[in-house]
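First up is the structure itself, then whatever we jot down about it.
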Amino acid sequence: MSDKKATLTVDGIDEPIELPVYSGTLGPDVIDVGALTAKGLFTYDPGFVSTAACESQITFIDGGKGILLHRGYPIDQLANQSDYLETCYLLLYGELPNKEEKEKFVSTITKHTMVHEQLARFFQGFRRDAHPMAIMCGVVGALSAFYHDSLDISDESHRQIAAFRLIAKMPTLAAMSYKFSIGQPFMYPDNSMGYAENFLHMMFGNPCEPSNVSPVLSKAMDRIFTLHADHEQNASTSTVRLAGSSGANPFACIAAGIAALWGPSHGGANEAVLEMLEEIGDVYHIDEFVARAKDKNDPFRLMGFGHRVYKNFDPRAKVMKESADEVLAELGIVDDPLLAVAKRLEEIALEDEYFIERKLYPNVDFYSGIILKAMGIPTSMFTVIFAVGRTVGWIAHWHEMISGSYRIGRPRQLYTGYTQRDFKPMDQR
Ligand code: SDX
């Protein structure tokens, strides 16, 4: 904190209002507006464009410079030199684990990958063509019906075991939602495998033959999980924090985060990007779609482009683009038409005044779908995979809030409805 002050003068209020200003280690100062309520004032910030909803030490984003740090470490270094479970440890505990700490953490997560056998029956209640995100909203929320031994959020050991269970079981539930949709039997986790390898084993393995997961795909999948692990106070993380602020159990909070992530403006964009690239079809139709994206009368937007915070390249998109080239080459996929359209679309958009003026760059969702599709993952599973990766970020923020001092989140409003009026009997309406 600091001893800086902001002084606010408001028409109709005699005395200027002095408000404390706090400085973080990085990023903009913040003005504590708590004193405004006593003066009969609220702040007004739809979409929370200029609102710091909390103090946090987990992730920092410099949108202007395209910088993303997890506990101070740049995302490109973590994506290229670390792995997902090590990044999970970092996000949860604040430091990279040493060899012993990492082995213990990986072993703990690995031992929680199985889900209660009764959960498998939940899937039978869904239609086979249910969107996997609809299933995930349901079954993740249902975990709170199975783990009564870890619902006391005031107990640190309960918070820890709930975190381990969620990180460990999300890939299992995600793979189950895919298997259910194609009518294949669920695969049990194979705990001799790594995290991403095990996920691909449960996605594409079958009981009739041994799994043979490509190390190339496992590495790419692990990197995609790492790139999606956390992103400060985005819509789904803010949803998890708000749900958690009422004291709701962690499984219910993560289910709320999954629901918020599903929207096409947020985590649902990766699925929408693939659909857009497939609709564009080839580089000759790009101009038509760019024109539509710029047309205010056309609701079409260039999916995978733009970001509330990044007004420069999303550093995750850069890593994802490099990974797309590597994975497709390693899979022997040359001249992938979707990748060609994506790259040309990026070139055209970044030279177009509309996108330059609005600082619209590719975001994390622009290239991820191309890699996932090349790996054989159906488009409907893209946001589910985003949710698997982001679960650790949601939990880290939930834990940071619950283990500190917090109050229930309860925003106010600018009311522009009717003033008080008397009830009108039917014969007077
Ligand atoms: C994620 O918050 C996070 O951190 C999210 C995330 C994470 O890791 O958690 O990074 C993940 O959600 C990435 C974003 C994925 N969504 C998309 O790719 C969908 C397409 N993008 C947009 O819908 C939009 O850019 C948002 C939702 C991402 C950001 O919306 P904002 O900040 O509210 O910006 P805006 O809608 O006010 O747009 C500002 C201007 C507008 O034009 P004007 O009214 O000023 O003339 O830019 C235009 C918009 O019309 N614009 C676009 C555009 N995005 C913004 N125009 C065409 N195509 C686009 N994609």
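Following the order of the structure tokens, first chain is A, next is B, and so on, with residues numbered from 1 inside each chain and ligands from 1 in the order they appear.
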
Residues up to 8 Å from ligand 1, counting only C-alpha atoms and all ligand atoms: could you list those as a PDB file with N, CA and C atoms, in the first residue's frame?
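Here's the written file result-v3.pdb:
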ATOM      1  N   GLY A  47     -18.906  -3.825 -16.981  1.00  0.00           N
ATOM      2  CA  GLY A  47     -17.860  -4.649 -17.592  1.00  0.00           C
ATOM      3  C   GLY A  47     -16.559  -4.601 -16.816  1.00  0.00           C
ATOM      4  N   VAL A  49     -14.209  -2.480 -16.585  1.00  0.00           N
ATOM      5  CA  VAL A  49     -13.054  -2.147 -17.430  1.00  0.00           C
ATOM      6  C   VAL A  49     -11.945  -1.508 -16.602  1.00  0.00           C
ATOM      7  N   HIS A 228      -3.049 -22.198 -20.748  1.00  0.00           N
ATOM      8  CA  HIS A 228      -4.404 -21.822 -20.315  1.00  0.00           C
ATOM      9  C   HIS A 228      -4.546 -21.766 -18.802  1.00  0.00           C
ATOM     10  N   ASP A 230      -3.773 -19.860 -16.122  1.00  0.00           N
ATOM     11  CA  ASP A 230      -4.356 -18.749 -15.361  1.00  0.00           C
ATOM     12  C   ASP A 230      -4.255 -17.455 -16.151  1.00  0.00           C
ATOM     13  N   HIS A 231      -5.110 -16.517 -15.816  1.00  0.00           N
ATOM     14  CA  HIS A 231      -5.049 -15.237 -16.543  1.00  0.00           C
ATOM     15  C   HIS A 231      -5.662 -14.099 -15.735  1.00  0.00           C
ATOM     16  N   GLU A 232      -5.223 -13.984 -14.474  1.00  0.00           N
ATOM     17  CA  GLU A 232      -5.646 -12.848 -13.615  1.00  0.00           C
ATOM     18  C   GLU A 232      -7.151 -12.876 -13.442  1.00  0.00           C
ATOM     19  N   GLN A 233      -7.815 -11.728 -13.446  1.00  0.00           N
ATOM     20  CA  GLN A 233      -9.226 -11.656 -13.017  1.00  0.00           C
ATOM     21  C   GLN A 233     -10.182 -11.702 -14.224  1.00  0.00           C
ATOM     22  N   ASN A 234      -9.974 -12.650 -15.131  1.00  0.00           N
ATOM     23  CA  ASN A 234     -10.871 -12.784 -16.287  1.00  0.00           C
ATOM     24  C   ASN A 234     -12.275 -13.164 -15.845  1.00  0.00           C
ATOM     25  N   ALA A 235     -13.205 -13.221 -16.789  1.00  0.00           N
ATOM     26  CA  ALA A 235     -14.626 -13.405 -16.439  1.00  0.00           C
ATOM     27  C   ALA A 235     -14.865 -14.676 -15.630  1.00  0.00           C
ATOM     28  N   SER A 236     -14.278 -15.787 -16.038  1.00  0.00           N
ATOM     29  CA  SER A 236     -14.565 -17.048 -15.317  1.00  0.00           C
ATOM     30  C   SER A 236     -13.869 -17.067 -13.954  1.00  0.00           C
ATOM     31  N   THR A 237     -12.682 -16.523 -13.857  1.00  0.00           N
ATOM     32  CA  THR A 237     -12.004 -16.470 -12.555  1.00  0.00           C
ATOM     33  C   THR A 237     -12.743 -15.529 -11.606  1.00  0.00           C
ATOM     34  N   LEU A 261     -16.951 -19.685 -18.498  1.00  0.00           N
ATOM     35  CA  LEU A 261     -15.933 -19.852 -19.545  1.00  0.00           C
ATOM     36  C   LEU A 261     -16.566 -20.202 -20.884  1.00  0.00           C
ATOM     37  N   PRO A 264     -18.886 -17.591 -25.987  1.00  0.00           N
ATOM     38  CA  PRO A 264     -17.999 -17.383 -27.145  1.00  0.00           C
ATOM     39  C   PRO A 264     -17.116 -16.141 -27.007  1.00  0.00           C
ATOM     40  N   SER A 265     -17.463 -15.232 -26.107  1.00  0.00           N
ATOM     41  CA  SER A 265     -16.576 -14.075 -25.908  1.00  0.00           C
ATOM     42  C   SER A 265     -15.399 -14.434 -25.015  1.00  0.00           C
ATOM     43  N   HIS A 266     -15.486 -15.579 -24.382  1.00  0.00           N
ATOM     44  CA  HIS A 266     -14.449 -15.996 -23.426  1.00  0.00           C
ATOM     45  C   HIS A 266     -13.856 -17.330 -23.886  1.00  0.00           C
ATOM     46  N   GLY A 267     -13.948 -18.350 -23.102  1.00  0.00           N
ATOM     47  CA  GLY A 267     -13.299 -19.615 -23.470  1.00  0.00           C
ATOM     48  C   GLY A 267     -13.954 -20.323 -24.642  1.00  0.00           C
ATOM     49  N   GLY A 268     -15.193 -19.966 -24.935  1.00  0.00           N
ATOM     50  CA  GLY A 268     -15.881 -20.598 -26.076  1.00  0.00           C
ATOM     51  C   GLY A 268     -15.343 -20.096 -27.403  1.00  0.00           C
ATOM     52  N   ALA A 269     -14.422 -19.132 -27.370  1.00  0.00           N
ATOM     53  CA  ALA A 269     -13.917 -18.545 -28.616  1.00  0.00           C
ATOM     54  C   ALA A 269     -13.092 -19.537 -29.416  1.00  0.00           C
ATOM     55  N   ASN A 270     -12.385 -20.467 -28.730  1.00  0.00           N
ATOM     56  CA  ASN A 270     -11.531 -21.402 -29.493  1.00  0.00           C
ATOM     57  C   ASN A 270     -12.375 -22.271 -30.417  1.00  0.00           C
ATOM     58  N   VAL A 273     -13.500 -20.006 -33.224  1.00  0.00           N
ATOM     59  CA  VAL A 273     -12.429 -19.712 -34.193  1.00  0.00           C
ATOM     60  C   VAL A 273     -12.379 -20.795 -35.260  1.00  0.00           C
ATOM     61  N   ALA A 293     -16.409  -8.282 -40.237  1.00  0.00           N
ATOM     62  CA  ALA A 293     -15.976  -8.022 -38.849  1.00  0.00           C
ATOM     63  C   ALA A 293     -15.943  -6.523 -38.559  1.00  0.00           C
ATOM     64  N   LYS A 294     -15.706  -5.729 -39.600  1.00  0.00           N
ATOM     65  CA  LYS A 294     -15.611  -4.270 -39.424  1.00  0.00           C
ATOM     66  C   LYS A 294     -16.970  -3.581 -39.555  1.00  0.00           C
ATOM     67  N   LYS A 296     -20.401  -2.496 -38.569  1.00  0.00           N
ATOM     68  CA  LYS A 296     -21.151  -2.351 -37.316  1.00  0.00           C
ATOM     69  C   LYS A 296     -22.538  -2.981 -37.407  1.00  0.00           C
ATOM     70  N   PHE A 300     -21.096 -10.297 -36.806  1.00  0.00           N
ATOM     71  CA  PHE A 300     -19.898 -11.145 -36.923  1.00  0.00           C
ATOM     72  C   PHE A 300     -18.658 -10.449 -36.376  1.00  0.00           C
ATOM     73  N   ARG A 301     -17.907 -11.177 -35.581  1.00  0.00           N
ATOM     74  CA  ARG A 301     -16.632 -10.685 -35.086  1.00  0.00           C
ATOM     75  C   ARG A 301     -15.553 -11.683 -35.461  1.00  0.00           C
ATOM     76  N   LEU A 302     -14.331 -11.196 -35.624  1.00  0.00           N
ATOM     77  CA  LEU A 302     -13.209 -12.074 -35.927  1.00  0.00           C
ATOM     78  C   LEU A 302     -12.867 -12.809 -34.635  1.00  0.00           C
ATOM     79  N   MET A 303     -13.321 -14.055 -34.536  1.00  0.00           N
ATOM     80  CA  MET A 303     -13.120 -14.793 -33.299  1.00  0.00           C
ATOM     81  C   MET A 303     -11.639 -15.098 -33.108  1.00  0.00           C
ATOM     82  N   GLY A 304     -11.190 -15.037 -31.866  1.00  0.00           N
ATOM     83  CA  GLY A 304      -9.770 -15.238 -31.586  1.00  0.00           C
ATOM     84  C   GLY A 304      -8.976 -13.962 -31.700  1.00  0.00           C
ATOM     85  N   PHE A 305      -9.714 -12.849 -32.011  1.00  0.00           N
ATOM     86  CA  PHE A 305      -9.030 -11.545 -32.103  1.00  0.00           C
ATOM     87  C   PHE A 305      -9.566 -10.609 -31.030  1.00  0.00           C
ATOM     88  N   GLY A 306      -8.683  -9.764 -30.538  1.00  0.00           N
ATOM     89  CA  GLY A 306      -9.098  -8.750 -29.566  1.00  0.00           C
ATOM     90  C   GLY A 306      -9.011  -9.283 -28.151  1.00  0.00           C
ATOM     91  N   HIS A 307      -8.900  -8.356 -27.221  1.00  0.00           N
ATOM     92  CA  HIS A 307      -8.806  -8.746 -25.809  1.00  0.00           C
ATOM     93  C   HIS A 307      -9.036  -7.519 -24.939  1.00  0.00           C
ATOM     94  N   ARG A 308      -9.727  -7.729 -23.816  1.00  0.00           N
ATOM     95  CA  ARG A 308      -9.981  -6.607 -22.919  1.00  0.00           C
ATOM     96  C   ARG A 308      -8.683  -6.021 -22.377  1.00  0.00           C
ATOM     97  N   VAL A 309      -7.708  -6.850 -22.142  1.00  0.00           N
ATOM     98  CA  VAL A 309      -6.477  -6.342 -21.507  1.00  0.00           C
ATOM     99  C   VAL A 309      -5.345  -6.188 -22.519  1.00  0.00           C
ATOM    100  N   PHE A 355      -8.337  -2.690 -37.256  1.00  0.00           N
ATOM    101  CA  PHE A 355      -7.777  -3.529 -36.195  1.00  0.00           C
ATOM    102  C   PHE A 355      -6.606  -2.820 -35.512  1.00  0.00           C
ATOM    103  N   ARG A 358      -7.937  -0.127 -33.138  1.00  0.00           N
ATOM    104  CA  ARG A 358      -8.559  -0.701 -31.923  1.00  0.00           C
ATOM    105  C   ARG A 358      -7.603  -1.655 -31.188  1.00  0.00           C
ATOM    106  N   LYS A 359      -6.384  -1.757 -31.676  1.00  0.00           N
ATOM    107  CA  LYS A 359      -5.377  -2.611 -31.036  1.00  0.00           C
ATOM    108  C   LYS A 359      -5.880  -4.047 -30.861  1.00  0.00           C
ATOM    109  N   LEU A 360      -6.412  -4.572 -31.965  1.00  0.00           N
ATOM    110  CA  LEU A 360      -6.952  -5.942 -31.938  1.00  0.00           C
ATOM    111  C   LEU A 360      -5.903  -6.911 -32.482  1.00  0.00           C
ATOM    112  N   PRO A 362      -4.331 -11.200 -32.330  1.00  0.00           N
ATOM    113  CA  PRO A 362      -4.746 -12.576 -32.026  1.00  0.00           C
ATOM    114  C   PRO A 362      -4.602 -12.849 -30.522  1.00  0.00           C
ATOM    115  N   ASN A 363      -5.564 -13.559 -29.957  1.00  0.00           N
ATOM    116  CA  ASN A 363      -5.467 -13.929 -28.539  1.00  0.00           C
ATOM    117  C   ASN A 363      -5.238 -15.434 -28.421  1.00  0.00           C
ATOM    118  N   VAL A 364      -5.264 -15.911 -27.206  1.00  0.00           N
ATOM    119  CA  VAL A 364      -4.888 -17.308 -26.930  1.00  0.00           C
ATOM    120  C   VAL A 364      -5.730 -18.286 -27.744  1.00  0.00           C
ATOM    121  N   ASP A 365      -6.941 -17.872 -28.114  1.00  0.00           N
ATOM    122  CA  ASP A 365      -7.851 -18.818 -28.780  1.00  0.00           C
ATOM    123  C   ASP A 365      -7.636 -18.911 -30.282  1.00  0.00           C
ATOM    124  N   PHE A 366      -6.784 -18.011 -30.840  1.00  0.00           N
ATOM    125  CA  PHE A 366      -6.747 -17.945 -32.298  1.00  0.00           C
ATOM    126  C   PHE A 366      -6.078 -19.177 -32.924  1.00  0.00           C
TER     127      PHE A 366
END

Polymer residues at most 7 Å from range 160-166 of chain A, only C-alpha atoms, same-chain spacing of 6 or more positions, as a list in words: Ile109, His112, Ser150, Pro250 and Ile395 of chain A

What would the file look like if the residues just selected were written as an mmCIF file, in the first residue's frame with N, CA and C atoms?
data_model
loop_
_atom_site.group_PDB
_atom_site.id
_atom_site.type_symbol
_atom_site.label_atom_id
_atom_site.label_comp_id
_atom_site.auth_asym_id
_atom_site.auth_seq_id
_atom_site.Cartn_x
_atom_site.Cartn_y
_atom_site.Cartn_z
ATOM 1 N N ILE A 109 -1.240 -35.711 -7.098
ATOM 2 C CA ILE A 109 -2.262 -35.467 -8.144
ATOM 3 C C ILE A 109 -2.593 -36.782 -8.845
ATOM 4 N N HIS A 112 -5.188 -39.084 -7.434
ATOM 5 C CA HIS A 112 -6.577 -38.622 -7.346
ATOM 6 C C HIS A 112 -7.264 -38.598 -8.715
ATOM 7 N N SER A 150 -14.482 -32.946 2.337
ATOM 8 C CA SER A 150 -13.583 -31.805 2.040
ATOM 9 C C SER A 150 -14.390 -30.574 1.642
ATOM 10 N N PRO A 250 -15.788 -25.504 -3.066
ATOM 11 C CA PRO A 250 -14.915 -25.316 -4.230
ATOM 12 C C PRO A 250 -15.427 -25.993 -5.504
ATOM 13 N N ILE A 395 -8.697 -22.374 -8.994
ATOM 14 C CA ILE A 395 -8.480 -22.835 -7.614
ATOM 15 C C ILE A 395 -7.480 -21.949 -6.886
#

Can you pull out every residue within 8 Å of Ser403 in chain A, counting only C-alpha atoms, but drop anything in the same chain fewer than 2 positions away, and send it as a short mmCIF file (atom, residue, chain, number, x, y, z; two decimals) with C-alpha atoms, in the first residue's frame?
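Generated output (selection13.cif):
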data_model
loop_
_atom_site.label_atom_id
_atom_site.label_comp_id
_atom_site.auth_asym_id
_atom_site.auth_seq_id
_atom_site.Cartn_x
_atom_site.Cartn_y
_atom_site.Cartn_z
CA SER A 154 -12.31 -22.91 6.70
CA GLU A 156 -6.83 -25.73 5.10
CA HIS A 399 -7.68 -20.38 -2.35
CA GLU A 400 -5.95 -16.97 -2.25
CA MET A 401 -9.28 -15.34 -1.41
CA SER A 405 -9.66 -11.92 4.61
#

Filtered DSSP result for range 306-350 of chain A, state alpha helix (DSSP H), as a VMD selection string: chain A and resid 315 to 330 337 to 350

Point-to-point distance in Å for CA of Ser218 in chain A and CA of Ala196 in chain A: 5.4 Å

Gap from CA of His116 in chain A to CA of Ala259 in chain A - Å, one decimal: 22.5 Å

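Using only C-alpha atoms, the shortest contact distance between Gly369 in chain A and any of A:Lys311, A:Arg241, A:Arg407, A:Lys321 is found at A:Lys321.
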
Close residues, Thr25 in chain A itself excluded, 12 Å, only C-alpha atoms, min 3 positions apart in chain, as number ranges by chain: A: 1-2, 22, 28-30, 55-57, 59-60, 71-72

Among the residues A:Ile402, A:Ile75, A:Met114, A:Ile31, the one that comes closest to Ile153 in chain A [using only C-alpha atoms]: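 So, comparing all the options, the nearest one is A:Ile402.
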
Residues of range 47-129 of chain A in strand (DSSP E), written as a ChimeraX atom specification: /A:59-62,67-70,73-74
